[in-house]
file structure_35.cif (mmCIF, C-alpha atoms and all ligand atoms)
data_run
#
loop_
_atom_site.label_atom_id
_atom_site.label_comp_id
_atom_site.auth_asym_id
_atom_site.auth_seq_id
_atom_site.Cartn_x
_atom_site.Cartn_y
_atom_site.Cartn_z
CA MET A 1 147.50 58.73 123.19
CA LEU A 2 146.91 58.61 119.46
CA GLU A 3 147.77 61.50 117.23
CA SER A 4 144.74 63.83 117.40
CA GLU A 5 144.88 64.54 113.69
CA GLU A 6 144.51 60.88 112.88
CA VAL A 7 141.39 60.60 115.03
CA LEU A 8 139.86 64.04 114.57
CA GLY A 9 140.04 63.67 110.81
CA GLY A 10 137.05 61.33 110.85
CA ASP A 11 133.35 61.95 110.88
CA TRP A 12 131.83 62.50 114.34
CA ASP A 13 128.23 61.83 113.34
CA PHE A 14 128.50 58.04 113.25
CA VAL A 15 125.34 57.98 111.19
CA GLY A 16 124.05 54.45 110.61
CA GLU A 17 126.42 52.92 113.15
CA ASP A 18 125.16 50.44 115.71
CA THR A 19 124.94 52.24 119.05
CA GLN A 20 123.39 49.30 120.91
CA TYR A 21 126.24 46.79 120.79
CA LEU A 22 127.22 44.65 123.78
CA THR A 23 125.52 46.06 126.87
CA HIS A 24 124.90 49.53 125.39
CA GLY A 25 121.40 48.47 124.35
CA LEU A 26 120.44 46.88 127.64
CA HIS A 27 118.13 49.67 128.80
CA PRO A 28 117.17 53.08 127.40
CA TYR A 29 118.41 56.20 129.16
CA PRO A 30 117.98 59.84 128.11
CA ALA A 31 120.81 61.84 126.53
CA ARG A 32 123.26 58.97 126.28
CA MET A 33 126.60 59.63 124.66
CA VAL A 34 127.02 57.79 121.37
CA PRO A 35 129.40 54.95 122.31
CA GLN A 36 131.56 55.54 119.24
CA ILE A 37 132.24 59.10 120.49
CA ALA A 38 133.29 57.83 123.91
CA ARG A 39 135.48 55.22 122.25
CA ARG A 40 137.19 57.78 120.05
CA LEU A 41 137.72 60.25 122.89
CA LEU A 42 139.31 57.53 124.99
CA LYS A 43 141.60 56.67 122.10
CA MET A 44 142.57 60.30 121.83
CA TYR A 45 143.09 61.17 125.47
CA ALA A 46 143.47 58.09 127.67
CA ARG A 47 146.84 56.52 128.37
CA LYS A 48 147.64 53.05 129.62
CA ASN A 49 146.80 52.65 133.35
CA ASP A 50 144.69 55.81 133.44
CA VAL A 51 141.48 55.71 135.46
CA VAL A 52 138.54 57.27 133.61
CA LEU A 53 136.11 59.39 135.65
CA ASP A 54 132.62 60.17 134.39
CA PRO A 55 131.11 62.35 137.13
CA PHE A 56 127.69 62.39 135.40
CA CYS A 57 127.85 58.85 134.09
CA GLY A 58 124.16 58.29 133.28
CA SER A 59 123.68 54.69 132.21
CA GLY A 60 127.44 54.15 131.99
CA GLY A 61 128.25 54.15 128.28
CA VAL A 62 131.64 55.76 128.89
CA LEU A 63 132.42 53.18 131.57
CA VAL A 64 131.60 50.36 129.16
CA GLU A 65 133.91 51.83 126.56
CA ALA A 66 136.63 52.33 129.18
CA ARG A 67 136.39 48.68 130.10
CA LEU A 68 136.60 47.68 126.43
CA ALA A 69 139.71 49.82 126.13
CA GLY A 70 141.24 47.97 129.10
CA LEU A 71 140.95 50.95 131.44
CA ASN A 72 139.58 51.14 134.96
CA SER A 73 136.84 53.69 135.48
CA VAL A 74 134.71 55.41 138.10
CA GLY A 75 131.16 56.65 137.48
CA ILE A 76 129.03 58.94 139.63
CA ASP A 77 125.39 59.83 139.15
CA ILE A 78 122.68 61.32 141.29
CA ASN A 79 120.02 59.05 139.76
CA PRO A 80 119.82 55.57 141.36
CA LEU A 81 118.56 54.07 138.09
CA ALA A 82 121.64 55.45 136.32
CA CYS A 83 123.88 53.91 139.00
CA LEU A 84 122.17 50.55 138.58
CA LEU A 85 122.50 50.62 134.80
CA ALA A 86 126.10 51.84 134.84
CA GLU A 87 127.11 49.11 137.25
CA VAL A 88 125.33 46.31 135.40
CA LYS A 89 126.42 47.44 131.94
CA SER A 90 130.08 47.75 132.81
CA ASN A 91 130.45 44.52 134.82
CA PRO A 92 130.05 41.56 132.49
CA ILE A 93 128.66 38.33 133.91
CA ASP A 94 129.14 34.98 132.23
CA PRO A 95 125.88 34.39 130.29
CA SER A 96 125.83 30.73 131.38
CA ILE A 97 125.64 31.88 135.03
CA LEU A 98 122.70 34.13 134.16
CA GLU A 99 121.01 31.34 132.25
CA SER A 100 121.26 29.00 135.21
CA TRP A 101 119.90 31.69 137.54
CA TRP A 102 117.02 32.28 135.17
CA LYS A 103 116.27 28.53 135.00
CA GLU A 104 116.00 28.53 138.77
CA LEU A 105 114.01 31.76 139.04
CA GLN A 106 111.49 31.34 136.26
CA PRO A 107 109.54 28.33 137.62
CA LYS A 108 109.35 29.94 141.07
CA ILE A 109 108.00 33.15 139.57
CA VAL A 110 105.46 31.28 137.46
CA GLN A 111 104.37 29.21 140.45
CA ASP A 112 103.94 32.27 142.70
CA THR A 113 102.18 34.16 139.95
CA ASN A 114 99.58 31.42 139.81
CA SER A 115 99.08 31.35 143.55
CA SER A 116 96.99 34.32 144.68
CA LYS A 117 97.36 33.47 148.37
CA ASN A 118 101.11 33.84 148.72
CA LYS A 119 101.56 35.86 151.95
CA GLU A 120 104.82 37.52 150.90
CA VAL A 121 103.24 38.73 147.68
CA VAL A 122 100.28 40.15 149.58
CA ALA A 123 102.72 42.00 151.88
CA GLU A 124 104.53 43.36 148.85
CA LEU A 125 101.24 44.57 147.38
CA ILE A 126 100.41 46.48 150.54
CA LYS A 127 103.66 48.46 150.12
CA PHE A 128 102.43 49.58 146.70
CA HIS A 129 99.23 51.10 148.11
CA LYS A 130 100.67 54.56 148.60
CA THR A 131 102.11 54.77 145.11
CA SER A 132 100.53 55.69 141.78
CA ILE A 133 101.03 52.15 140.49
CA ARG A 134 97.29 51.57 140.17
CA TYR A 135 97.09 54.42 137.71
CA TRP A 136 99.51 52.69 135.36
CA PHE A 137 98.90 48.99 135.77
CA LYS A 138 96.01 46.60 135.96
CA GLU A 139 95.51 44.76 139.27
CA GLU A 140 96.63 41.43 137.84
CA THR A 141 99.79 43.00 136.42
CA ILE A 142 100.62 44.62 139.76
CA ARG A 143 100.46 41.22 141.37
CA LYS A 144 102.82 39.75 138.77
CA LEU A 145 105.21 42.65 139.23
CA ALA A 146 105.15 42.09 142.99
CA VAL A 147 106.03 38.42 142.52
CA ILE A 148 108.94 39.19 140.20
CA ARG A 149 110.21 42.02 142.41
CA ARG A 150 110.16 39.82 145.49
CA HIS A 151 112.13 37.06 143.77
CA ILE A 152 114.72 39.49 142.47
CA ARG A 153 115.16 41.07 145.90
CA THR A 154 115.83 37.73 147.52
CA ILE A 155 118.84 36.98 145.32
CA GLU A 156 121.83 37.28 147.63
CA GLU A 157 124.55 37.72 144.99
CA ARG A 158 124.69 41.44 144.35
CA ASP A 159 125.80 41.23 140.69
CA ILE A 160 123.02 38.81 139.82
CA ARG A 161 120.36 40.72 141.78
CA ARG A 162 121.37 43.99 140.14
CA PHE A 163 121.42 42.36 136.71
CA PHE A 164 117.85 41.07 137.01
CA ALA A 165 116.67 44.45 138.29
CA VAL A 166 117.48 45.90 134.85
CA PRO A 167 114.93 43.94 132.75
CA PHE A 168 112.48 44.45 135.61
CA SER A 169 112.95 48.20 135.30
CA LEU A 170 112.58 47.91 131.54
CA THR A 171 109.32 46.04 131.93
CA VAL A 172 107.95 48.61 134.35
CA SER A 173 109.10 51.59 132.32
CA ASP A 174 107.68 50.13 129.10
CA LYS A 175 104.15 50.71 130.25
CA ARG A 176 102.78 49.41 126.99
CA ALA A 177 103.83 45.89 127.97
CA CYS A 178 101.15 45.50 130.61
CA CYS A 179 99.20 48.68 130.76
CA ASN A 180 96.00 49.92 132.19
CA PRO A 181 94.50 51.04 128.87
CA GLN A 182 92.75 53.98 130.51
CA ALA A 183 96.06 55.34 131.84
CA HIS A 184 97.54 55.18 128.38
CA LYS A 185 94.64 56.99 126.90
CA ASN A 186 95.43 59.79 129.32
CA ASP A 187 99.22 59.62 128.97
CA ARG A 188 100.12 62.65 126.86
CA GLY A 189 96.97 62.04 124.89
CA LYS A 190 98.44 58.98 123.21
CA ARG A 191 96.46 55.83 123.00
CA HIS A 192 98.64 52.71 122.97
CA LYS A 193 97.52 49.34 121.79
CA LYS A 194 96.44 47.08 124.57
CA VAL A 195 98.98 44.29 124.98
CA LEU A 196 98.44 41.33 127.25
CA CYS A 197 100.70 40.62 130.21
CA GLY A 198 102.75 37.91 128.50
CA PRO A 199 105.68 40.19 127.63
CA LEU A 200 106.39 40.65 131.31
CA LEU A 201 108.27 37.38 131.51
CA ALA A 202 109.29 37.27 127.89
CA ASN A 203 111.10 40.58 128.33
CA SER A 204 113.08 39.35 131.29
CA LYS A 205 114.09 36.24 129.44
CA GLY A 206 114.95 38.02 126.23
CA ARG A 207 117.16 40.43 128.09
CA LEU A 208 119.31 37.59 129.28
CA ARG A 209 120.77 37.40 125.82
CA TYR A 210 122.78 40.53 126.26
CA THR A 211 126.28 39.53 125.18
C1 LIG A 301 123.44 63.44 129.86
S1 LIG A 301 123.36 62.31 131.18
C2 LIG A 301 124.92 61.55 131.21
C3 LIG A 301 125.37 60.91 129.97
C4 LIG A 301 126.59 60.04 130.16
N1 LIG A 301 127.75 60.78 130.59
C5 LIG A 301 126.90 59.26 128.89
O1 LIG A 301 128.04 59.21 128.51
O2 LIG A 301 125.98 58.64 128.30
C6 LIG A 301 123.53 63.43 132.55
C7 LIG A 301 123.50 62.71 133.88
O3 LIG A 301 123.89 63.64 134.90
C8 LIG A 301 123.24 63.25 136.08
N2 LIG A 301 123.31 64.35 137.03
C9 LIG A 301 122.68 65.55 136.99
N3 LIG A 301 123.02 66.30 138.04
C10 LIG A 301 123.90 65.58 138.78
C11 LIG A 301 124.62 65.81 139.97
N4 LIG A 301 124.49 66.96 140.63
N5 LIG A 301 125.45 64.86 140.43
C12 LIG A 301 125.57 63.68 139.77
N6 LIG A 301 124.91 63.40 138.63
C13 LIG A 301 124.10 64.33 138.14
C14 LIG A 301 121.85 62.89 135.62
O4 LIG A 301 121.21 62.03 136.54
C15 LIG A 301 122.13 62.21 134.29
O5 LIG A 301 122.18 60.81 134.43
#
call {"tool": "encode", "arguments": {"input": "structure_35.cif", "output": "structure tokens"}}
result
Amino acid sequence: MLESEEVLGGDWDFVGEDTQYLTHGLHPYPARMVPQIARRLLKMYARKNDVVLDPFCGSGGVLVEARLAGLNSVGIDINPLACLLAEVKSNPIDPSILESWWKELQPKIVQDTNSSKNKEVVAELIKFHKTSIRYWFKEETIRKLAVIRRHIRTIEERDIRRFFAVPFSLTVSDKRACCNPQAHKNDRGKRHKKVLCGPLLANSKGRLRYT
């Protein structure tokens, strides 16, 4: 443990500091702890071989900082999205492995996206019927989402499957990327610009560069 005075003496605002480094910027999550605060607290209170517990870990910023400090950690959260993000953010995967997965996945996704008669995609679409997805997305976008979702779910390696679920979540949660313009007109009264569906794949690819 460092001397508290040495650490506490500094500024705790971290104004202007990059809070999105490494995997911290992988996916937005509400009320995240500023990573620099977590880092400083770990410096102040954690000792070698300690295990850090964040019982409300959110998207796992503290767990990432624990890992960077060479400490094991445990995170708990009631929100499944938080659990996904915390796990993916704090378990680095060699980018070359992700690149090779993406090279394999992308052509299959593009091919299935262009084929409207794919039976598995149709089955996937039926599952969406009872949801509000049609409120948010155009029909064509829903079909693309179904294709991507199906390909992600068929990845057997847990780490890789969970990793690709993160940009998928980002794409779905950023409704501006492929919206039903009418839904956006209604959404809190804001009217977003209509953007074509291209970003759907571009987002997934861009997010590969996360190191
Ligand atoms: C402010 S966020 C966590 C921020 C996180 N500790 C960080 O460092 O960025 C609070 C989290 O508590 C989770 N939460 C709320 N009630 C909970 C409960 N009863 N059990 C587990 N997690 C809970 C929420 O899902 C949310 O992700």
call {"tool": "atom_distance", "arguments": {"input": "structure_35.cif", "atom1": "atom CA of A:Asp159", "atom2": "atom CA of A:Ile97"}}
result
10.9 Å
call {"tool": "closest_atom_pairs", "arguments": {"input": "structure_35.cif", "of": "chain A", "to": "ligand LIG 301 (chain A)", "cutoff": "9 Å", "atoms": "only C-alpha atoms and all ligand atoms", "output": "CSV"}}
result
residue,atom,partner,partner_atom,distance
A:Tyr29,CA,A:LIG301,O5,8.0
A:Pro30,CA,A:LIG301,S1,6.7
A:Ala31,CA,A:LIG301,C1,4.5
A:Arg32,CA,A:LIG301,O2,3.4
A:Met33,CA,A:LIG301,O2,3.8
A:Val34,CA,A:LIG301,O2,7.1
A:Pro35,CA,A:LIG301,O1,7.6
A:Ala38,CA,A:LIG301,O1,7.1
A:Asp54,CA,A:LIG301,N1,6.2
A:Pro55,CA,A:LIG301,C12,6.3
A:Phe56,CA,A:LIG301,O3,4.0
A:Cys57,CA,A:LIG301,N1,4.0
A:Gly58,CA,A:LIG301,O5,3.4
A:Ser59,CA,A:LIG301,O2,6.0
A:Gly60,CA,A:LIG301,O2,6.0
A:Gly61,CA,A:LIG301,O2,5.0
A:Val62,CA,A:LIG301,O1,5.0
A:Leu63,CA,A:LIG301,O1,8.1
A:Gly75,CA,A:LIG301,N1,8.7
A:Ile76,CA,A:LIG301,C12,5.9
A:Asp77,CA,A:LIG301,N6,3.6
A:Ile78,CA,A:LIG301,C12,4.0
A:Asn79,CA,A:LIG301,O4,4.5
A:Pro80,CA,A:LIG301,O4,8.2
A:Leu81,CA,A:LIG301,O5,8.5
A:Ala82,CA,A:LIG301,O5,5.7
A:Cys83,CA,A:LIG301,O5,8.4
call {"tool": "closest_residue", "arguments": {"input": "structure_35.cif", "among": "A:Ser96, A:Gln106, A:Asn114, A:Asn91", "to": "A:Arg162", "atoms": "only C-alpha atoms"}}
result
A:Asn91
call {"tool": "atom_distance", "arguments": {"input": "structure_35.cif", "atom1": "atom CA of A:Leu71", "atom2": "atom CA of A:Asp13"}}
result
24.7 Å
call {"tool": "closest_residue", "arguments": {"input": "structure_35.cif", "among": "A:Arg149, A:Lys144, A:Arg40, A:Lys138", "to": "A:Ala165", "atoms": "all atoms listed in the file"}}
result
A:Arg149
call {"tool": "atom_distance", "arguments": {"input": "structure_35.cif", "atom1": "atom CA of A:His151", "atom2": "atom CA of A:Gly25"}}
result
24.4 Å
call {"tool": "residues_around", "arguments": {"input": "structure_35.cif", "residues": "A:Glu157", "least_positions_apart": "4", "cutoff": "12 Å", "atoms": "all atoms listed in the file", "output": "MDAnalysis selection string"}}
result
chainID A and resid 93 97:98 101 152:153 161:164
call {"tool": "write_last_selection", "arguments": {"input": "structure_35.cif", "atoms": "C-alpha atoms", "output": "PDB file, keeping the file's coordinate frame"}}
result
ATOM      1  CA  ILE A  93     128.660  38.330 133.910  1.00  0.00           C
ATOM      2  CA  ILE A  97     125.640  31.880 135.030  1.00  0.00           C
ATOM      3  CA  LEU A  98     122.700  34.130 134.160  1.00  0.00           C
ATOM      4  CA  TRP A 101     119.900  31.690 137.540  1.00  0.00           C
ATOM      5  CA  ILE A 152     114.720  39.490 142.470  1.00  0.00           C
ATOM      6  CA  ARG A 153     115.160  41.070 145.900  1.00  0.00           C
ATOM      7  CA  ARG A 161     120.360  40.720 141.780  1.00  0.00           C
ATOM      8  CA  ARG A 162     121.370  43.990 140.140  1.00  0.00           C
ATOM      9  CA  PHE A 163     121.420  42.360 136.710  1.00  0.00           C
ATOM     10  CA  PHE A 164     117.850  41.070 137.010  1.00  0.00           C
TER      11      PHE A 164
END
call {"tool": "closest_residue", "arguments": {"input": "structure_35.cif", "among": "A:Ser115, A:Gly16, A:Leu26, A:Gln36", "to": "A:Ala86", "atoms": "all atoms listed in the file"}}
result
A:Leu26
call {"tool": "closest_residue", "arguments": {"input": "structure_35.cif", "among": "A:Ile109, A:Val172, A:Val88, A:Leu41", "to": "A:Ile133", "atoms": "all atoms listed in the file"}}
result
A:Val172
call {"tool": "axis_aligned_box", "arguments": {"input": "structure_35.cif", "around": "stretch 84-88 of chain A", "padding_each_side": "3 Å", "output": "JSON"}}
result
{"center_x": 124.6, "center_y": 49.1, "center_z": 136.7, "size_x": 10.9, "size_y": 11.5, "size_z": 9.8}
call {"tool": "closest_residue", "arguments": {"input": "structure_35.cif", "among": "A:Gln111, A:Lys103, A:Gln20, A:Leu145", "to": "A:Pro167", "atoms": "only C-alpha atoms"}}
result
A:Leu145
